[in-house]
$ cat my_file08.cif   # mmCIF, C-alpha atoms and all ligand atoms
data_input
#
loop_
_atom_site.label_atom_id
_atom_site.label_comp_id
_atom_site.auth_asym_id
_atom_site.auth_seq_id
_atom_site.Cartn_x
_atom_site.Cartn_y
_atom_site.Cartn_z
CA MET A 84 98.85 111.32 69.42
CA SER A 85 101.14 110.22 72.19
CA ARG A 86 103.65 111.68 74.59
CA THR A 87 106.82 110.26 76.10
CA VAL A 88 107.16 110.91 79.81
CA LYS A 89 109.50 109.91 82.62
CA ARG A 90 107.69 107.58 84.93
CA ALA A 91 108.76 105.72 88.06
CA PHE A 92 107.79 102.09 88.56
CA LYS A 93 108.02 100.85 92.11
CA TYR A 94 108.38 97.24 93.22
CA ARG A 95 109.03 95.33 96.39
CA PHE A 96 112.15 93.26 96.64
CA TYR A 97 113.65 90.83 99.12
CA PRO A 98 117.36 91.39 99.76
CA THR A 99 119.72 88.66 100.90
CA ASP A 100 121.31 89.27 104.31
CA ALA A 101 124.47 90.51 102.60
CA GLN A 102 122.50 92.86 100.35
CA ALA A 103 120.47 94.19 103.28
CA ALA A 104 123.67 94.87 105.20
CA GLN A 105 125.29 96.58 102.21
CA LEU A 106 122.20 98.72 101.58
CA SER A 107 121.80 99.67 105.25
CA ARG A 108 125.43 100.79 105.27
CA THR A 109 124.81 102.76 102.07
CA PHE A 110 121.75 104.49 103.60
CA GLY A 111 123.87 105.43 106.62
CA CYS A 112 126.65 106.85 104.44
CA VAL A 113 124.13 108.79 102.30
CA ARG A 114 122.68 110.37 105.43
CA LEU A 115 126.12 111.17 106.85
CA VAL A 116 127.39 112.75 103.62
CA TYR A 117 124.21 114.78 103.24
CA ASN A 118 124.45 116.05 106.82
CA MET A 119 128.17 116.86 106.60
CA ALA A 120 127.70 118.73 103.32
CA LEU A 121 124.78 120.64 104.84
CA GLN A 122 126.94 121.50 107.85
CA ALA A 123 129.75 122.72 105.57
CA ARG A 124 127.39 124.86 103.53
CA THR A 125 125.75 126.33 106.63
CA GLU A 126 129.12 127.17 108.21
CA ALA A 127 130.45 128.72 105.01
CA TRP A 128 127.44 131.00 104.94
CA THR A 129 127.16 131.93 108.63
CA GLN A 130 130.92 132.40 109.19
CA ARG A 131 132.13 133.74 105.84
CA GLN A 132 128.92 134.71 103.96
CA GLU A 133 130.09 132.33 101.28
CA ARG A 134 127.80 130.23 99.12
CA ILE A 135 129.33 126.88 98.32
CA ASP A 136 127.81 124.77 95.60
CA TYR A 137 127.67 121.14 94.51
CA ASN A 138 131.19 121.14 93.06
CA VAL A 139 132.73 122.30 96.31
CA THR A 140 130.85 119.69 98.36
CA SER A 141 131.89 117.05 95.82
CA ALA A 142 135.55 117.99 96.37
CA LEU A 143 134.94 117.86 100.12
CA LEU A 144 133.57 114.33 99.76
CA THR A 145 136.75 113.22 97.99
CA ALA A 146 138.80 114.72 100.84
CA TRP A 147 136.63 113.07 103.52
CA LYS A 148 137.16 109.65 101.98
CA LYS A 149 140.93 110.10 102.35
CA THR A 150 140.77 110.67 106.11
CA ASP A 151 141.13 107.72 108.49
CA ASP A 152 137.87 108.48 110.27
CA LEU A 153 135.78 108.50 107.11
CA ALA A 154 137.60 105.93 104.98
CA PHE A 155 134.55 103.66 105.36
CA LEU A 156 132.71 105.92 102.90
CA SER A 157 134.67 104.13 100.15
CA GLU A 158 133.09 100.81 101.11
CA VAL A 159 129.79 101.77 99.50
CA SER A 160 129.05 102.81 95.94
CA SER A 161 130.13 106.42 95.38
CA VAL A 162 127.13 107.21 93.17
CA PRO A 163 124.44 107.37 95.91
CA LEU A 164 126.77 109.67 97.87
CA GLN A 165 127.15 112.00 94.88
CA GLN A 166 123.38 111.89 94.39
CA ALA A 167 122.90 112.95 98.02
CA LEU A 168 125.00 116.04 97.29
CA ARG A 169 122.88 116.71 94.19
CA HIS A 170 119.69 116.38 96.26
CA LEU A 171 121.12 118.89 98.72
CA GLN A 172 121.90 121.24 95.82
CA THR A 173 118.27 120.94 94.65
CA ALA A 174 117.04 121.60 98.18
CA TYR A 175 119.12 124.80 98.25
CA THR A 176 117.94 125.88 94.81
CA ASN A 177 114.34 125.49 96.01
CA PHE A 178 115.18 127.38 99.19
CA TRP A 179 116.73 130.32 97.32
CA ALA A 180 113.76 130.39 94.95
CA LYS A 181 111.54 130.58 98.06
CA ARG A 182 109.80 127.37 97.09
CA ALA A 183 110.96 125.50 100.18
CA LYS A 184 112.30 125.91 103.69
CA HIS A 185 116.00 125.70 104.47
CA PRO A 186 117.23 122.09 104.24
CA THR A 187 117.38 120.25 107.56
CA PHE A 188 119.59 117.47 108.81
CA LYS A 189 118.52 113.92 108.05
CA SER A 190 117.61 111.98 111.15
CA LYS A 191 118.48 108.35 111.70
CA LYS A 192 115.01 107.57 113.02
CA ARG A 193 112.68 109.83 111.10
CA SER A 194 114.18 110.36 107.65
CA ARG A 195 113.41 108.08 104.74
CA ARG A 196 116.17 105.56 104.24
CA SER A 197 117.02 105.57 100.56
CA ALA A 198 119.82 105.58 98.04
CA GLU A 199 119.75 106.64 94.40
CA TYR A 200 121.78 104.91 91.70
CA THR A 201 122.37 106.27 88.21
CA THR A 202 123.25 104.15 85.17
CA SER A 203 126.93 103.82 85.98
CA ALA A 204 126.07 102.19 89.32
CA PHE A 205 123.70 99.42 88.28
CA ARG A 206 123.43 96.78 85.59
CA TRP A 207 120.14 96.15 83.86
CA ARG A 208 120.20 93.02 81.72
CA ASP A 209 117.55 90.48 80.76
CA ASP A 210 115.14 92.11 83.21
CA THR A 211 117.47 91.62 86.14
CA LEU A 212 118.82 94.43 88.24
CA THR A 213 122.24 94.31 89.90
CA LEU A 214 123.52 97.22 91.98
CA ALA A 215 127.14 98.35 92.29
CA LYS A 216 129.17 96.56 94.97
CA MET A 217 126.86 93.53 94.72
CA THR A 218 127.38 90.25 92.94
CA GLU A 219 123.82 88.92 92.88
CA PRO A 220 120.85 90.65 91.23
CA LEU A 221 118.01 91.91 93.45
CA ASP A 222 115.10 89.54 94.02
CA VAL A 223 112.38 91.87 92.71
CA VAL A 224 108.67 91.03 92.64
CA TRP A 225 107.65 92.30 89.21
CA SER A 226 104.06 93.04 90.17
CA ARG A 227 103.39 95.00 86.97
CA PRO A 228 105.24 95.04 83.66
CA LEU A 229 107.68 97.76 82.72
CA PRO A 230 106.93 99.47 79.38
CA ASP A 231 108.13 97.43 76.39
CA GLY A 232 111.85 97.77 75.88
CA ALA A 233 112.16 100.13 78.84
CA SER A 234 115.57 100.66 80.32
CA PRO A 235 115.77 102.47 83.67
CA SER A 236 117.86 105.65 83.88
CA THR A 237 117.73 105.93 87.68
CA VAL A 238 117.13 103.33 90.37
CA THR A 239 116.12 104.29 93.91
CA VAL A 240 116.30 101.75 96.69
CA SER A 241 114.46 102.39 99.97
CA CYS A 242 113.36 100.70 103.15
CA ASP A 243 110.30 101.96 105.02
CA ALA A 244 109.60 102.02 108.76
CA ALA A 245 107.73 98.74 108.49
CA GLY A 246 110.93 97.11 107.21
CA ARG A 247 109.72 96.66 103.62
CA TRP A 248 112.25 97.10 100.81
CA PHE A 249 111.36 98.88 97.58
CA VAL A 250 113.09 99.63 94.34
CA SER A 251 111.83 102.37 92.06
CA LEU A 252 112.87 102.42 88.40
CA LEU A 253 112.68 105.62 86.37
CA CYS A 254 111.85 104.80 82.74
CA ASP A 255 110.54 106.45 79.60
CA ASP A 256 106.92 105.60 78.99
CA VAL A 257 104.67 106.44 76.03
CA ILE A 258 101.24 107.80 76.98
CA ALA A 259 98.44 107.84 74.42
CA GLN A 260 96.60 111.17 74.23
CA THR A 261 92.87 110.57 73.87
CA PRO A 262 90.38 113.44 73.82
CA ALA A 263 87.82 113.97 76.62
CA THR A 264 84.93 116.37 76.86
CA GLY A 265 84.07 116.44 80.57
CA ARG A 266 84.74 119.31 82.95
CA VAL A 267 84.72 118.89 86.68
CA GLY A 268 85.15 120.95 89.85
CA ILE A 269 86.27 119.31 93.07
CA ASP A 270 85.50 120.46 96.61
CA ALA A 271 86.98 119.03 99.78
CA GLY A 272 83.71 118.15 101.45
CA LEU A 273 82.57 117.98 105.04
CA ASP A 274 80.45 114.83 104.84
CA SER A 275 82.28 113.05 102.07
CA VAL A 276 85.96 113.14 101.26
CA LEU A 277 85.32 114.94 97.99
CA ALA A 278 82.30 116.40 96.27
CA LEU A 279 82.29 116.69 92.48
CA SER A 280 80.39 119.28 90.48
CA THR A 281 78.69 116.37 88.72
CA GLY A 282 76.85 115.65 91.98
CA GLU A 283 78.96 112.62 92.79
CA LYS A 284 80.37 112.22 96.28
CA ILE A 285 83.53 110.29 96.96
CA THR A 286 83.78 108.65 100.36
CA ASN A 287 86.70 107.13 102.21
CA PRO A 288 87.89 103.71 101.07
CA ARG A 289 86.41 100.73 102.84
CA HIS A 290 88.45 99.53 105.86
CA GLU A 291 89.52 103.12 106.55
CA SER A 292 87.71 103.45 109.89
CA ALA A 293 88.67 99.94 111.03
CA ASP A 294 92.30 100.77 110.21
CA ARG A 295 92.06 103.99 112.21
CA GLN A 296 90.83 102.06 115.25
CA ARG A 297 93.67 99.58 114.90
CA LEU A 298 96.07 102.51 114.62
CA ALA A 299 94.77 104.08 117.84
CA ARG A 300 95.12 100.78 119.68
CA ALA A 301 98.68 100.28 118.43
CA GLN A 302 99.59 103.81 119.53
CA GLN A 303 98.25 103.18 123.04
CA ASN A 304 100.07 99.89 123.13
CA LEU A 305 103.37 101.54 122.19
CA ALA A 306 102.92 104.27 124.81
CA ARG A 307 102.57 101.63 127.54
CA LYS A 308 105.86 99.90 126.70
CA GLN A 309 109.03 100.66 128.62
CA LYS A 310 111.49 102.89 126.76
CA GLY A 311 114.39 100.97 125.23
CA SER A 312 112.73 97.59 125.74
CA ALA A 313 112.47 94.86 123.10
CA ASN A 314 108.69 94.94 123.40
CA ARG A 315 108.68 98.63 122.61
CA ALA A 316 110.72 98.01 119.46
CA LYS A 317 108.21 95.33 118.45
CA ALA A 318 105.26 97.62 119.12
CA ARG A 319 106.90 100.31 117.02
CA VAL A 320 107.16 97.97 114.02
CA THR A 321 103.51 96.95 114.45
CA LEU A 322 102.51 100.61 114.47
CA ALA A 323 104.66 101.32 111.41
CA ARG A 324 102.99 98.43 109.54
CA ILE A 325 99.53 99.84 110.22
CA HIS A 326 100.66 103.32 109.14
CA ALA A 327 102.12 101.82 105.97
CA ARG A 328 98.91 99.95 105.19
CA ILE A 329 96.77 103.05 105.66
CA ALA A 330 99.11 105.06 103.42
CA ASP A 331 99.11 102.30 100.77
CA ARG A 332 95.34 102.12 100.70
CA ARG A 333 94.98 105.87 100.55
CA ARG A 334 97.47 106.12 97.68
CA ASP A 335 95.78 103.30 95.84
CA HIS A 336 92.37 104.95 96.27
CA LEU A 337 93.67 108.34 95.09
CA HIS A 338 95.40 106.76 92.08
CA LYS A 339 92.18 105.13 90.91
CA LEU A 340 90.20 108.31 91.47
CA THR A 341 92.67 110.67 89.76
CA THR A 342 93.15 108.31 86.81
CA ARG A 343 89.39 108.26 86.29
CA LEU A 344 89.02 112.04 86.65
CA VAL A 345 91.82 112.69 84.17
CA ARG A 346 90.51 110.11 81.70
CA GLU A 347 86.97 111.53 81.71
CA ASN A 348 87.65 115.25 81.85
CA GLN A 349 89.46 117.81 79.72
CA ALA A 350 89.32 120.45 82.47
CA ILE A 351 89.67 119.81 86.18
CA VAL A 352 89.33 122.61 88.72
CA ILE A 353 90.49 122.39 92.32
CA GLU A 354 90.95 124.94 95.07
CA ASP A 355 94.33 125.99 96.40
CA LEU A 356 95.28 124.32 99.65
CA ALA A 357 97.00 127.41 101.06
CA VAL A 358 93.82 129.36 100.65
CA ARG A 359 91.78 126.53 102.04
CA ASN A 360 93.89 126.72 105.17
CA MET A 361 93.63 130.49 105.39
CA VAL A 362 89.87 130.46 105.27
CA LYS A 363 89.69 127.37 107.42
CA ASN A 364 87.07 127.32 110.05
CA HIS A 365 88.57 125.70 113.08
CA ARG A 366 85.36 124.12 114.19
CA LEU A 367 85.08 122.03 111.08
CA ALA A 368 87.44 119.34 109.99
CA ARG A 369 87.36 118.55 106.31
CA ALA A 370 86.84 114.87 105.64
CA ILE A 371 90.09 114.80 103.67
CA SER A 372 93.38 115.49 105.45
CA ASP A 373 95.78 118.14 104.18
CA ALA A 374 98.33 115.44 103.38
CA ALA A 375 95.84 113.48 101.28
CA TRP A 376 94.68 116.65 99.54
CA ARG A 377 98.28 117.52 98.63
CA GLN A 378 98.77 114.00 97.32
CA LEU A 379 95.59 114.26 95.26
CA ARG A 380 96.75 117.55 93.75
CA THR A 381 100.21 116.19 92.91
CA MET A 382 98.68 113.19 91.16
CA LEU A 383 96.25 115.39 89.22
CA GLU A 384 99.12 117.68 88.21
CA TYR A 385 101.31 115.07 86.64
CA LYS A 386 98.53 112.97 85.19
CA ALA A 387 96.96 116.05 83.60
CA ALA A 388 100.37 116.88 82.10
CA TRP A 389 100.73 113.31 80.81
CA HIS A 390 97.34 113.30 79.13
CA GLY A 391 97.25 116.91 77.91
CA ARG A 392 94.45 118.00 80.26
CA ASP A 393 93.97 121.40 81.91
CA LEU A 394 94.26 121.49 85.66
CA VAL A 395 93.15 124.85 87.06
CA VAL A 396 93.89 125.83 90.64
CA VAL A 397 91.63 128.55 91.99
CA ASP A 398 92.12 130.81 94.97
CA ARG A 399 88.86 130.55 96.78
CA TRP A 400 88.22 134.05 98.02
CA PHE A 401 84.55 133.85 97.20
CA PRO A 402 81.91 132.33 99.50
CA SER A 403 81.51 129.23 97.39
CA THR A 404 79.23 127.45 99.82
CA ARG A 405 76.62 130.21 100.02
CA LEU A 406 76.67 131.19 96.38
CA CYS A 407 73.89 129.66 94.29
CA SER A 408 75.60 127.88 91.41
CA ALA A 409 72.39 128.17 89.34
CA CYS A 410 71.58 131.89 89.57
CA GLY A 411 74.58 133.46 91.32
CA ALA A 412 72.61 134.85 94.27
CA LEU A 413 74.30 134.94 97.64
CA ALA A 414 72.44 133.18 100.43
CA GLN A 415 72.49 134.14 104.11
CA LYS A 416 75.27 132.74 106.26
CA MET A 417 74.28 129.22 107.18
CA PRO A 418 75.34 127.03 110.08
CA LEU A 419 77.46 123.96 109.45
CA SER A 420 74.53 121.69 110.20
CA VAL A 421 72.82 122.85 107.03
CA ARG A 422 73.73 120.22 104.49
CA GLU A 423 71.11 121.15 101.93
CA TRP A 424 69.50 124.46 101.10
CA THR A 425 67.05 125.97 98.65
CA CYS A 426 67.74 129.19 96.76
CA PRO A 427 64.86 131.64 96.09
CA CYS A 428 65.36 130.76 92.40
CA GLY A 429 64.11 127.26 93.19
CA ALA A 430 67.43 125.40 92.98
CA VAL A 431 67.97 122.82 95.73
CA HIS A 432 71.65 122.50 96.65
CA ASP A 433 73.74 119.97 98.43
CA ARG A 434 76.20 122.18 100.31
CA ASP A 435 79.40 120.47 99.09
CA VAL A 436 78.27 119.77 95.52
CA ASN A 437 77.19 123.41 95.17
CA ALA A 438 80.66 124.49 96.30
CA ALA A 439 82.23 122.16 93.72
CA ARG A 440 80.05 123.71 90.99
CA ASN A 441 81.17 127.19 91.99
CA ILE A 442 84.79 126.09 91.93
CA LEU A 443 84.28 124.70 88.42
CA ALA A 444 82.67 127.98 87.29
CA ALA A 445 85.56 129.99 88.74
CA GLY A 446 88.09 127.77 87.00
CA LEU A 447 86.33 127.89 83.63
CA ALA A 448 86.03 131.67 83.89
CA VAL A 449 89.76 132.02 84.23
CA THR A 450 90.53 129.73 81.31
CA ALA A 451 87.90 131.29 79.03
CA CYS A 452 88.30 135.02 79.59
CA GLY A 453 90.96 135.81 82.11
CA ASP A 454 89.62 136.75 85.50
CA GLY A 455 85.96 135.94 85.03
CA VAL A 456 82.67 137.64 85.78
CA ARG A 457 80.96 134.82 87.63
CA PRO A 458 80.94 133.78 90.36
CA GLN A 459 80.73 136.96 92.40
CA ARG A 460 83.88 137.77 94.20
CA GLU A 461 84.73 139.27 97.50
CA SER A 462 88.00 140.21 95.87
CA SER A 463 86.57 143.48 94.56
CA ARG A 464 86.70 144.58 98.18
CA THR A 465 89.87 142.84 99.26
CA GLY A 466 91.73 143.66 96.05
CA ARG A 467 92.78 140.07 95.66
CA SER A 468 92.25 138.09 92.55
CA SER A 469 89.73 135.34 93.08
CA VAL A 470 91.28 133.01 90.62
CA LYS A 471 94.68 132.31 89.33
CA GLN A 472 95.98 129.73 86.99
CA GLU A 473 99.16 128.21 88.24
CA ASN A 474 101.86 127.14 85.91
CA LEU A 475 101.90 123.42 85.90
CA ARG A 476 105.32 121.96 86.02
CA ALA A 477 105.19 118.56 84.43
CA THR A 478 108.70 117.89 85.63
CA LYS A 479 107.95 118.66 89.25
CA GLY A 480 108.28 115.57 91.41
CA ILE A 481 108.65 112.49 89.30
CA PRO A 482 105.65 110.44 90.34
CA VAL A 483 105.72 106.95 91.67
CA LEU A 484 103.04 104.49 90.66
ZN ZN A 501 69.63 130.45 92.86
#

$ encode --input "my_file08.cif" --output "structure tokens" --more "lines below"
Ligand SMILES: [Zn+2]
Amino acid sequence: MSRTVKRAFKYRFYPTDAQAAQLSRTFGCVRLVYNMALQARTEAWTQRQERIDYNVTSALLTAWKKTDDLAFLSEVSSVPLQQALRHLQTAYTNFWAKRAKHPTFKSKKRSRRSAEYTTSAFRWRDDTLTLAKMTEPLDVVWSRPLPDGASPSTVTVSCDAAGRWFVSLLCDDVIAQTPATGRVGIDAGLDSVLALSTGEKITNPRHESADRQRLARAQQNLARKQKGSANRAKARVTLARIHARIADRRRDHLHKLTTRLVRENQAIVIEDLAVRNMVKNHRLARAISDAAWRQLRTMLEYKAAWHGRDLVVVDRWFPSTRLCSACGALAQKMPLSVREWTCPCGAVHDRDVNAARNILAAGLAVTACGDGVRPQRESSRTGRSSVKQENLRATKGIPVL
């Protein structure tokens, strides 16, 4: 059995000076159009209680291009500008559906610089990619092959804070569906990054702590530089490079881990981040950051969808650390220093692994028989459900590999 999915393939490329200039101008125009459309939509609502949609902003864009002040918008490909309006429409749809906050203005310094091209705005021939308004193809480093016969439907060009250029190609890919028998619960541990119900503990990738030290030094270095100076600009790029490297390594590590988990297991159970934050004890910092945890969950979501696995997200209202995963007895409250404990039933528990086992049990209970019997829940008192299965949206957030 196999499944066809949309998958993004991301590569570095090296633009010529002319291409870099053209793309930088395009990024600027994309940001401007997005911000002006956002302004128009906000004004229409606050002044006239009027909701204006994509079509109206598209007509506005045509009008803007005809004015003297904004005639330069015609110098770049019109497709990325239209796509910016579509992205804004999506942002509003998510806002109205209460899935996201109100869209905010894109900032020149902080926002991601990117432009999205659809098929009418690029040429894909003999494995070369040429964007609209350009004569030469992009010099792409094809670090991994595209699927056989793949033809991209969308191309996204971006430049990160470290000055690296990337192109991401959205293609159809065929994923083989192979059965797996494993089941695993995952806990965000205190000692290790993650604890698995199998007893395995996942630690941070090598180099992580050395990179953190380098990051701290670069931050101090930047703080010492005079505002507006050339040295400050240089220090900022150095800092951005270190950030980029840490992010790359983390993503790489999480990709390997999630691919393995999805390959080996039919059911994967994780706890909900929102709940994790609500029950968060401020004295303890989880070894995994919220950002990394969110990234891990996103990867598990789409990879589980690709491979036909069940990803169960549980609300953790039960005291998973103190609950014996062998007999279900509830232990006394224990201080954070207790990393290992013994239940009266004789089971010896690693604190984090025990929590992962309870998370697995909670997840399996919900898939097997609705809201399950074990583990014991505090929810009978609070009236909250201990477990919920979230609808997995395979389409949500086209992943980048
Ligand atoms: Zn026990």

$ closest_residue --input "my_file08.cif" --among "A:Ala438, A:Val320, A:Thr140, A:Cys428" --to "ligand ZN 501 (chain A)" --atoms "only C-alpha atoms and all ligand atoms"
A:Cys428

$ closest_atom_pairs --input "my_file08.cif" --of "segment 87-157 of chain A" --to "segment 209-225 of chain A" --cutoff "9 Å" --atoms "only C-alpha atoms" --output "JSON lines"
{"residue": "A:Tyr94", "atom": "CA", "partner": "A:Val224", "partner_atom": "CA", "distance": 6.2}
{"residue": "A:Arg95", "atom": "CA", "partner": "A:Val224", "partner_atom": "CA", "distance": 5.7}
{"residue": "A:Phe96", "atom": "CA", "partner": "A:Val223", "partner_atom": "CA", "distance": 4.2}
{"residue": "A:Tyr97", "atom": "CA", "partner": "A:Asp222", "partner_atom": "CA", "distance": 5.5}
{"residue": "A:Pro98", "atom": "CA", "partner": "A:Leu221", "partner_atom": "CA", "distance": 6.4}
{"residue": "A:Thr99", "atom": "CA", "partner": "A:Leu221", "partner_atom": "CA", "distance": 8.3}
{"residue": "A:Ala101", "atom": "CA", "partner": "A:Met217", "partner_atom": "CA", "distance": 8.8}
{"residue": "A:Gln102", "atom": "CA", "partner": "A:Met217", "partner_atom": "CA", "distance": 7.2}
{"residue": "A:Gln105", "atom": "CA", "partner": "A:Lys216", "partner_atom": "CA", "distance": 8.2}

$ residues_near_ligand --input "my_file08.cif" --ligand "ligand ZN 501 (chain A)" --cutoff "7 Å" --atoms "all atoms listed in the file" --output "list of chain:residue names"
A:Cys407, A:Ser408, A:Ala409, A:Cys410, A:Gly411, A:Ala412, A:Cys426, A:Pro427, A:Cys428, A:Gly429, A:Ala430

$ atom_distance --input "my_file08.cif" --atom1 "atom CA of Leu144 of chain A" --atom2 "atom CA of Leu252 of chain A"
26.4 Å

$ atom_distance --input "my_file08.cif" --atom1 "atom CA of Glu354 of chain A" --atom2 "atom CA of Ile442 of chain A"
7.0 Å

$ residues_near_point --input "my_file08.cif" --point "(123.5, 110.7, 98.7)" --cutoff "10 Å" --atoms "all atoms listed in the file" --output "MDAnalysis selection string"
chainID A and resid 109:118 161:171 197:200

$ closest_residue --input "my_file08.cif" --among "A:Pro418, A:Thr237, A:Val396, A:Met382" --to "Leu344 of chain A" --atoms "only C-alpha atoms"
A:Met382

$ residues_around --input "my_file08.cif" --residues "Glu291 of chain A" --least-positions-apart "2" --cutoff "12 Å" --atoms "all atoms listed in the file" --output "ChimeraX atom specification"
/A:276,286-289,293-298,325-326,328-333,336

$ closest_residue --input "my_file08.cif" --among "A:Val257, A:Ala233, A:Val352, A:Ala183" --to "Arg392 of chain A" --atoms "only C-alpha atoms"
A:Val352

$ closest_residue --input "my_file08.cif" --among "A:Asp136, A:Glu158, A:Asp398, A:Asp231" --to "Ala445 of chain A" --atoms "only C-alpha atoms"
A:Asp398

$ closest_residue --input "my_file08.cif" --among "A:Trp128, A:Phe188, A:Phe205, A:Phe178" --to "Ser160 of chain A" --atoms "only C-alpha atoms"
A:Phe205

$ build_atoms --input "my_file08.cif" --residues "segment 268-283 of chain A" --atoms "N, CA, C and O atoms" --output "mmCIF file, in the frame of the given file"
data_model
loop_
_atom_site.group_PDB
_atom_site.id
_atom_site.type_symbol
_atom_site.label_atom_id
_atom_site.label_comp_id
_atom_site.auth_asym_id
_atom_site.auth_seq_id
_atom_site.Cartn_x
_atom_site.Cartn_y
_atom_site.Cartn_z
ATOM 1 N N GLY A 268 84.610 120.197 88.715
ATOM 2 C CA GLY A 268 85.150 120.950 89.850
ATOM 3 C C GLY A 268 85.144 120.049 91.065
ATOM 4 O O GLY A 268 84.258 119.205 91.205
ATOM 5 N N ILE A 269 86.153 120.199 91.905
ATOM 6 C CA ILE A 269 86.270 119.310 93.070
ATOM 7 C C ILE A 269 86.311 120.153 94.343
ATOM 8 O O ILE A 269 87.082 121.114 94.437
ATOM 9 N N ASP A 270 85.488 119.778 95.306
ATOM 10 C CA ASP A 270 85.500 120.460 96.610
ATOM 11 C C ASP A 270 85.846 119.450 97.689
ATOM 12 O O ASP A 270 85.394 118.310 97.659
ATOM 13 N N ALA A 271 86.692 119.887 98.624
ATOM 14 C CA ALA A 271 86.980 119.030 99.780
ATOM 15 C C ALA A 271 85.791 119.139 100.720
ATOM 16 O O ALA A 271 85.571 120.168 101.343
ATOM 17 N N GLY A 272 85.002 118.092 100.765
ATOM 18 C CA GLY A 272 83.710 118.150 101.450
ATOM 19 C C GLY A 272 83.803 117.979 102.951
ATOM 20 O O GLY A 272 84.853 117.697 103.505
ATOM 21 N N LEU A 273 82.663 118.182 103.599
ATOM 22 C CA LEU A 273 82.570 117.980 105.040
ATOM 23 C C LEU A 273 82.062 116.575 105.352
ATOM 24 O O LEU A 273 82.573 115.880 106.212
ATOM 25 N N ASP A 274 81.020 116.173 104.624
ATOM 26 C CA ASP A 274 80.450 114.830 104.840
ATOM 27 C C ASP A 274 81.305 113.783 104.162
ATOM 28 O O ASP A 274 81.732 112.812 104.758
ATOM 29 N N SER A 275 81.532 114.020 102.871
ATOM 30 C CA SER A 275 82.280 113.050 102.070
ATOM 31 C C SER A 275 83.703 113.572 101.934
ATOM 32 O O SER A 275 84.000 114.714 102.254
ATOM 33 N N VAL A 276 84.582 112.714 101.455
ATOM 34 C CA VAL A 276 85.960 113.140 101.260
ATOM 35 C C VAL A 276 86.029 114.236 100.205
ATOM 36 O O VAL A 276 86.648 115.268 100.391
ATOM 37 N N LEU A 277 85.343 113.979 99.090
ATOM 38 C CA LEU A 277 85.320 114.940 97.990
ATOM 39 C C LEU A 277 83.914 115.026 97.424
ATOM 40 O O LEU A 277 83.199 114.024 97.379
ATOM 41 N N ALA A 278 83.545 116.233 97.006
ATOM 42 C CA ALA A 278 82.300 116.400 96.270
ATOM 43 C C ALA A 278 82.659 116.878 94.869
ATOM 44 O O ALA A 278 83.511 117.754 94.714
ATOM 45 N N LEU A 279 82.027 116.287 93.859
ATOM 46 C CA LEU A 279 82.290 116.690 92.480
ATOM 47 C C LEU A 279 81.135 117.545 91.973
ATOM 48 O O LEU A 279 79.996 117.392 92.428
ATOM 49 N N SER A 280 81.442 118.419 91.025
ATOM 50 C CA SER A 280 80.390 119.280 90.480
ATOM 51 C C SER A 280 79.343 118.466 89.730
ATOM 52 O O SER A 280 78.256 118.958 89.457
ATOM 53 N N THR A 281 79.662 117.231 89.396
ATOM 54 C CA THR A 281 78.690 116.370 88.720
ATOM 55 C C THR A 281 77.625 115.856 89.691
ATOM 56 O O THR A 281 76.671 115.218 89.282
ATOM 57 N N GLY A 282 77.813 116.127 90.976
ATOM 58 C CA GLY A 282 76.850 115.650 91.980
ATOM 59 C C GLY A 282 77.349 114.414 92.693
ATOM 60 O O GLY A 282 76.783 114.005 93.707
ATOM 61 N N GLU A 283 78.426 113.828 92.177
ATOM 62 C CA GLU A 283 78.960 112.620 92.790
ATOM 63 C C GLU A 283 79.716 112.952 94.069
ATOM 64 O O GLU A 283 80.345 114.009 94.166
#
